[in-house]
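> Pasting a structure below so you can have a look.
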Amino acid sequence: MPSTNSNSNLNEENLDPASSAEAFTEEKFTFKCNLNGKAISTVIPPSRRLLNVIREDLELTGTKRSCEIGRCGACMVLVDGHPVNSCLAMAYQCSGAEITTIEGLSEAGLHPVQRAFLEEGGFQCGYCTPGMVISVVALLDENPHPTQAEVEEALSGNICRCTGYGGILRAVNKAIGGGVDGRF
Ligand code: FES
Ligand code: FES
């Protein structure tokens with residue numbers, strides 16, 4: 001049935017999802033940040049997520065892709081020192097930021113948190129490990145002597161499907177220096 005709305009053609013054109021998506025992806029901007037201590041500048045669509053820039057454009061595949069809805073923490077990176085799920089962050093939101101991926105932690109050899117994971121068996125398949133390590137580094141940078149509750153809260157956004165968390169918590173305890181009530 002024809003529409004009686006005289007503006008219907010105009011509205012339909014504006015709301016056409018295909019043409020809107022095309023216009024959005026054709027648009028480009030220069031994304032600049034400091035990534036692992038290096039200045040980065042790359043031209044991308046504003047719809048590009050930080051995870052895709054890191055993994056696909058910059059080929060830093062230590063940052064993992066899993067749920068893509070902010071539930072698992074596999075994609076965690078540091079943005080200005082704070083842990084961020086890069087699958088949820090649009091790259092433009094991180095313009096000008098200091099971004100650290102798992103690769104950036106080990107440029108001068110293994111980071112102490114990575115070494116603790118290695119020594120305490122804090123991984124099996126290892127898929128969750130980069131995100132776990134990033135979360136622990138963020139926690140210890142802010143709070144070098146967290147309580148057990150604070151450790152559990154800091155890791156509440158990181159899911160491991162293999163280890164049962166025992167090795168991970170031992171690794172965190174080792175990284176802290178045995179200071180988490182000695183309970184792990
Ligand atoms: S892939 Fe980002 S939270 Fe799971
Ligand atoms: S070690 Fe396999 S998901 Fe954590």
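Ligands are numbered from 1 in the order shown, residues from 1 within each chain, and chains are lettered A, B, ... in the order they appear in the structure tokens.
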Please find the residues contacting ligand 1 at a distance of at most 6 Å between atoms, with only C-alpha atoms and all ligand atoms counted, and report them as a ChimeraX atom specification.
/A:65-75,85-87
> Per residue of chain A within 9 Å of ligand 2, which atom pair is closest and at what distance in Å (one decimal), using only C-alpha atoms and all ligand atoms, listed by chain and increasing number, as CSV?

residue,atom,partner,partner_atom_place_in_ligand_line,distance
A:Ala74,CA,ligand 2,3 (S),8.6
A:Gly122,CA,ligand 2,1 (S),7.3
A:Phe123,CA,ligand 2,1 (S),4.1
A:Gln124,CA,ligand 2,1 (S),4.0
A:Cys125,CA,ligand 2,2 (Fe),3.9
A:Gly126,CA,ligand 2,1 (S),4.1
A:Tyr127,CA,ligand 2,3 (S),5.0
A:Cys128,CA,ligand 2,4 (Fe),4.3
A:Thr129,CA,ligand 2,4 (Fe),6.0
A:Met132,CA,ligand 2,4 (Fe),8.5
A:Asn158,CA,ligand 2,4 (Fe),8.9
A:Ile159,CA,ligand 2,3 (S),6.9
A:Cys160,CA,ligand 2,4 (Fe),3.6
A:Arg161,CA,ligand 2,3 (S),4.2
A:Cys162,CA,ligand 2,2 (Fe),4.3
A:Thr163,CA,ligand 2,1 (S),5.6
A:Gly164,CA,ligand 2,4 (Fe),8.4
A:Tyr165,CA,ligand 2,4 (Fe),8.1
A:Ile168,CA,ligand 2,4 (Fe),8.7
> How would the residues just chosen look if you wrote them out with C-alpha atoms as a compact mmCIF listing (two decimals), in the first residue's frame?

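Result file result_6.txt:
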# COMPACT_ATOMS: atom_id res chain seq x y z
CA ALA A 74 41.10 -12.09 25.87
CA GLY A 122 49.39 -20.04 35.03
CA PHE A 123 48.22 -21.25 31.60
CA GLN A 124 47.37 -24.32 29.56
CA CYS A 125 46.29 -23.42 26.01
CA GLY A 126 47.46 -19.85 26.68
CA TYR A 127 44.63 -18.13 24.84
CA CYS A 128 43.48 -16.14 27.86
CA THR A 129 47.01 -15.44 29.09
CA MET A 132 45.19 -12.06 32.15
CA ASN A 158 39.04 -12.42 32.38
CA ILE A 159 37.75 -15.90 31.65
CA CYS A 160 39.98 -18.98 31.48
CA ARG A 161 38.45 -22.14 30.09
CA CYS A 162 41.40 -24.43 30.89
CA THR A 163 43.21 -23.94 34.15
CA GLY A 164 40.57 -23.77 36.86
CA TYR A 165 42.36 -20.56 37.94
CA ILE A 168 46.74 -18.18 37.60
> Which one of A:Thr42, A:Ser156, A:Ser95, A:Ser135 sits closest to A:Val77 if you count only C-alpha atoms?
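The shortest atom-to-atom distance to A:Val77 comes from A:Ser135.
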> Please provide the set of residues having any atom within 12 Å of A:Arg48, restricted to only C-alpha atoms, with same-chain residues fewer than 2 positions apart removed, written as a VMD selection string.
chain A and resid 24 to 31 42 to 46 50 to 57 86 to 94
> For the selection just defined, write its residues with N, CA, C and O atoms to a file, as a short mmCIF file (atom, residue, chain, number, x, y, z; two decimals), in the first residue's frame.

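Dumped everything to out_21.cif:
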data_model
loop_
_atom_site.label_atom_id
_atom_site.label_comp_id
_atom_site.auth_asym_id
_atom_site.auth_seq_id
_atom_site.Cartn_x
_atom_site.Cartn_y
_atom_site.Cartn_z
N PHE A 24 29.30 5.33 5.92
CA PHE A 24 30.08 5.33 7.14
C PHE A 24 31.45 4.70 6.91
O PHE A 24 32.47 5.20 7.37
N THR A 25 31.46 3.57 6.17
CA THR A 25 32.74 2.89 5.98
C THR A 25 33.63 3.60 4.97
O THR A 25 34.83 3.42 4.97
N GLU A 26 33.02 4.42 4.08
CA GLU A 26 33.85 5.16 3.13
C GLU A 26 34.59 6.31 3.80
O GLU A 26 35.63 6.74 3.35
N GLU A 27 34.03 6.77 4.90
CA GLU A 27 34.66 7.88 5.62
C GLU A 27 35.96 7.39 6.24
O GLU A 27 36.06 6.25 6.65
N LYS A 28 36.97 8.25 6.31
CA LYS A 28 38.25 7.82 6.89
C LYS A 28 38.77 8.91 7.83
O LYS A 28 38.43 10.08 7.68
N PHE A 29 39.58 8.50 8.77
CA PHE A 29 40.27 9.48 9.60
C PHE A 29 41.64 8.94 9.94
O PHE A 29 41.91 7.75 9.80
N THR A 30 42.52 9.83 10.36
CA THR A 30 43.88 9.40 10.71
C THR A 30 43.93 9.11 12.20
O THR A 30 43.74 10.00 13.03
N PHE A 31 44.12 7.83 12.48
CA PHE A 31 44.21 7.39 13.88
C PHE A 31 45.67 7.47 14.32
O PHE A 31 46.55 6.86 13.71
N THR A 42 47.71 5.83 11.22
CA THR A 42 47.14 4.99 10.16
C THR A 42 45.75 5.51 9.79
O THR A 42 45.02 5.99 10.66
N VAL A 43 45.42 5.45 8.50
CA VAL A 43 44.14 5.97 8.02
C VAL A 43 43.12 4.84 8.03
O VAL A 43 43.32 3.80 7.37
N ILE A 44 42.05 5.01 8.79
CA ILE A 44 41.05 3.94 8.97
C ILE A 44 39.63 4.52 8.97
O ILE A 44 39.46 5.71 9.21
N PRO A 45 38.63 3.68 8.75
CA PRO A 45 37.25 4.15 8.89
C PRO A 45 36.94 4.38 10.38
O PRO A 45 37.50 3.68 11.23
N PRO A 46 36.07 5.30 10.70
CA PRO A 46 35.74 5.55 12.11
C PRO A 46 35.04 4.37 12.77
O PRO A 46 34.93 4.31 13.98
N LEU A 50 39.39 -0.99 17.97
CA LEU A 50 40.80 -1.02 18.35
C LEU A 50 41.39 -2.42 18.17
O LEU A 50 42.52 -2.57 17.71
N LEU A 51 40.63 -3.46 18.51
CA LEU A 51 41.12 -4.84 18.36
C LEU A 51 41.53 -5.12 16.92
O LEU A 51 42.57 -5.73 16.67
N ASN A 52 40.72 -4.68 15.97
CA ASN A 52 41.02 -4.95 14.56
C ASN A 52 42.25 -4.16 14.09
O ASN A 52 43.05 -4.67 13.29
N VAL A 53 42.39 -2.94 14.58
CA VAL A 53 43.59 -2.17 14.22
C VAL A 53 44.83 -2.88 14.74
O VAL A 53 45.82 -3.05 14.02
N ILE A 54 44.76 -3.33 16.00
CA ILE A 54 45.93 -3.97 16.61
C ILE A 54 46.27 -5.28 15.90
O ILE A 54 47.41 -5.52 15.51
N ARG A 55 45.28 -6.13 15.71
CA ARG A 55 45.55 -7.47 15.17
C ARG A 55 45.76 -7.48 13.66
O ARG A 55 46.65 -8.15 13.15
N GLU A 56 44.88 -6.76 12.95
CA GLU A 56 44.89 -6.88 11.48
C GLU A 56 45.77 -5.82 10.82
O GLU A 56 46.57 -6.14 9.94
N ASP A 57 45.64 -4.57 11.25
CA ASP A 57 46.40 -3.51 10.59
C ASP A 57 47.86 -3.51 11.06
O ASP A 57 48.77 -3.32 10.27
N SER A 86 39.66 -4.35 24.05
CA SER A 86 39.83 -3.67 22.76
C SER A 86 38.76 -4.07 21.75
O SER A 86 38.60 -3.42 20.73
N CYS A 87 38.01 -5.14 22.04
CA CYS A 87 36.90 -5.49 21.13
C CYS A 87 35.73 -4.52 21.27
O CYS A 87 34.90 -4.43 20.38
N LEU A 88 35.67 -3.82 22.39
CA LEU A 88 34.57 -2.88 22.60
C LEU A 88 34.95 -1.44 22.31
O LEU A 88 34.09 -0.58 22.19
N ALA A 89 36.25 -1.17 22.25
CA ALA A 89 36.70 0.21 22.06
C ALA A 89 36.82 0.53 20.58
O ALA A 89 37.44 -0.22 19.82
N MET A 90 36.22 1.63 20.17
CA MET A 90 36.45 2.11 18.82
C MET A 90 37.84 2.76 18.80
O MET A 90 38.23 3.43 19.77
N ALA A 91 38.56 2.59 17.70
CA ALA A 91 39.91 3.13 17.64
C ALA A 91 39.90 4.64 17.89
O ALA A 91 40.77 5.16 18.60
N TYR A 92 38.91 5.33 17.32
CA TYR A 92 38.92 6.79 17.45
C TYR A 92 38.82 7.23 18.91
O TYR A 92 39.28 8.31 19.28
N GLN A 93 38.22 6.36 19.76
CA GLN A 93 38.12 6.71 21.18
C GLN A 93 39.50 6.70 21.85
O GLN A 93 39.64 7.21 22.95
N CYS A 94 40.46 6.07 21.20
CA CYS A 94 41.80 5.94 21.79
C CYS A 94 42.81 6.84 21.08
O CYS A 94 44.02 6.67 21.23
#
> Pull the helix (DSSP H, G or I) assignments for stretch 18-175 of chain A out of DSSP run on the backbone, and list those residues as a ChimeraX atom specification.
/A:18-26,50-57,91-94,102-105,112-120,129-142,148-154,166-175
> With distances taken over only C-alpha atoms, which residue among A:Glu120, A:Glu59, A:Glu103, A:Asp141 lies nearest A:Lys174?
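Closest to A:Lys174 of all the choices is A:Glu120.
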> With distances taken over only C-alpha atoms, which of A:Thr101, A:Ser47, A:Thr61, A:Thr147 is nearest to A:Asn34?
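Result for the nearest residue to A:Asn34: A:Thr101.
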> Within 9 Å of A:Ala138, counting only C-alpha atoms, which residues show up once you throw out same-chain ones fewer than 4 positions away? Write them as a PDB file with N, CA, C and O atoms, in the first residue's frame, please.

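Output saved as around.pdb:
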ATOM      1  N   LEU A  78      46.276  -2.198  27.582  1.00  0.00           N
ATOM      2  CA  LEU A  78      46.320  -1.027  28.458  1.00  0.00           C
ATOM      3  C   LEU A  78      46.146   0.229  27.617  1.00  0.00           C
ATOM      4  O   LEU A  78      46.854   0.406  26.612  1.00  0.00           O
ATOM      5  N   GLY A  81      47.303   3.215  30.700  1.00  0.00           N
ATOM      6  CA  GLY A  81      47.519   2.480  31.945  1.00  0.00           C
ATOM      7  C   GLY A  81      46.319   1.730  32.466  1.00  0.00           C
ATOM      8  O   GLY A  81      46.428   0.993  33.442  1.00  0.00           O
ATOM      9  N   HIS A  82      45.147   1.887  31.825  1.00  0.00           N
ATOM     10  CA  HIS A  82      43.937   1.218  32.305  1.00  0.00           C
ATOM     11  C   HIS A  82      43.603   0.012  31.416  1.00  0.00           C
ATOM     12  O   HIS A  82      43.716   0.097  30.184  1.00  0.00           O
ATOM     13  N   PRO A  83      43.178  -1.105  32.017  1.00  0.00           N
ATOM     14  CA  PRO A  83      42.817  -2.260  31.198  1.00  0.00           C
ATOM     15  C   PRO A  83      41.520  -2.006  30.433  1.00  0.00           C
ATOM     16  O   PRO A  83      40.522  -1.577  31.007  1.00  0.00           O
ATOM     17  N   VAL A 133      47.486 -11.375  31.866  1.00  0.00           N
ATOM     18  CA  VAL A 133      48.721 -10.676  32.236  1.00  0.00           C
ATOM     19  C   VAL A 133      48.499  -9.162  32.216  1.00  0.00           C
ATOM     20  O   VAL A 133      48.911  -8.445  33.130  1.00  0.00           O
ATOM     21  N   ILE A 134      47.814  -8.683  31.189  1.00  0.00           N
ATOM     22  CA  ILE A 134      47.537  -7.241  31.100  1.00  0.00           C
ATOM     23  C   ILE A 134      46.728  -6.784  32.311  1.00  0.00           C
ATOM     24  O   ILE A 134      47.023  -5.746  32.934  1.00  0.00           O
ATOM     25  N   GLU A 142      48.868  -0.115  39.849  1.00  0.00           N
ATOM     26  CA  GLU A 142      48.068   0.809  40.657  1.00  0.00           C
ATOM     27  C   GLU A 142      48.119   0.448  42.140  1.00  0.00           C
ATOM     28  O   GLU A 142      48.056   1.317  43.004  1.00  0.00           O
ATOM     29  N   ASN A 143      48.222  -0.849  42.411  1.00  0.00           N
ATOM     30  CA  ASN A 143      48.125  -1.328  43.794  1.00  0.00           C
ATOM     31  C   ASN A 143      49.083  -2.519  43.955  1.00  0.00           C
ATOM     32  O   ASN A 143      48.700  -3.654  43.733  1.00  0.00           O
ATOM     33  N   ALA A 154      39.938  -7.665  40.146  1.00  0.00           N
ATOM     34  CA  ALA A 154      40.701  -7.226  38.959  1.00  0.00           C
ATOM     35  C   ALA A 154      40.636  -8.255  37.841  1.00  0.00           C
ATOM     36  O   ALA A 154      40.698  -7.906  36.659  1.00  0.00           O
TER      37      ALA A 154
END
> Name the closest residue to A:Ala171 among the candidates A:Glu119, A:Asp80, A:Glu107, A:Glu98; distances are taken between atoms, counting only C-alpha atoms.
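Looking at the shortest contact to A:Ala171, the residue is A:Glu119.
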> I need the strand (DSSP E or B) residues of chain A per DSSP on the backbone, written as a list in words.
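Residues of chain A classed as strand (DSSP E or B): Phe29, Thr30, Phe31, Lys32, Cys33, Asn34, Leu35, Lys38, Ala39, Ile40, Ser41, Thr42, Val43, Ile44, Arg49, Met76, Val77, Leu78, Val79, His82, Pro83, Val84, Asn85, Met90, Glu98, Ile99, Thr100, Glu107 and Gly109 of chain A.
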> Just how far from atom CA of A:Cys33 is atom CA of A:Gly104, in Å to one decimal?
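Between atom CA of A:Gly104 and atom CA of A:Cys33 the gap works out to 13.9 Å.
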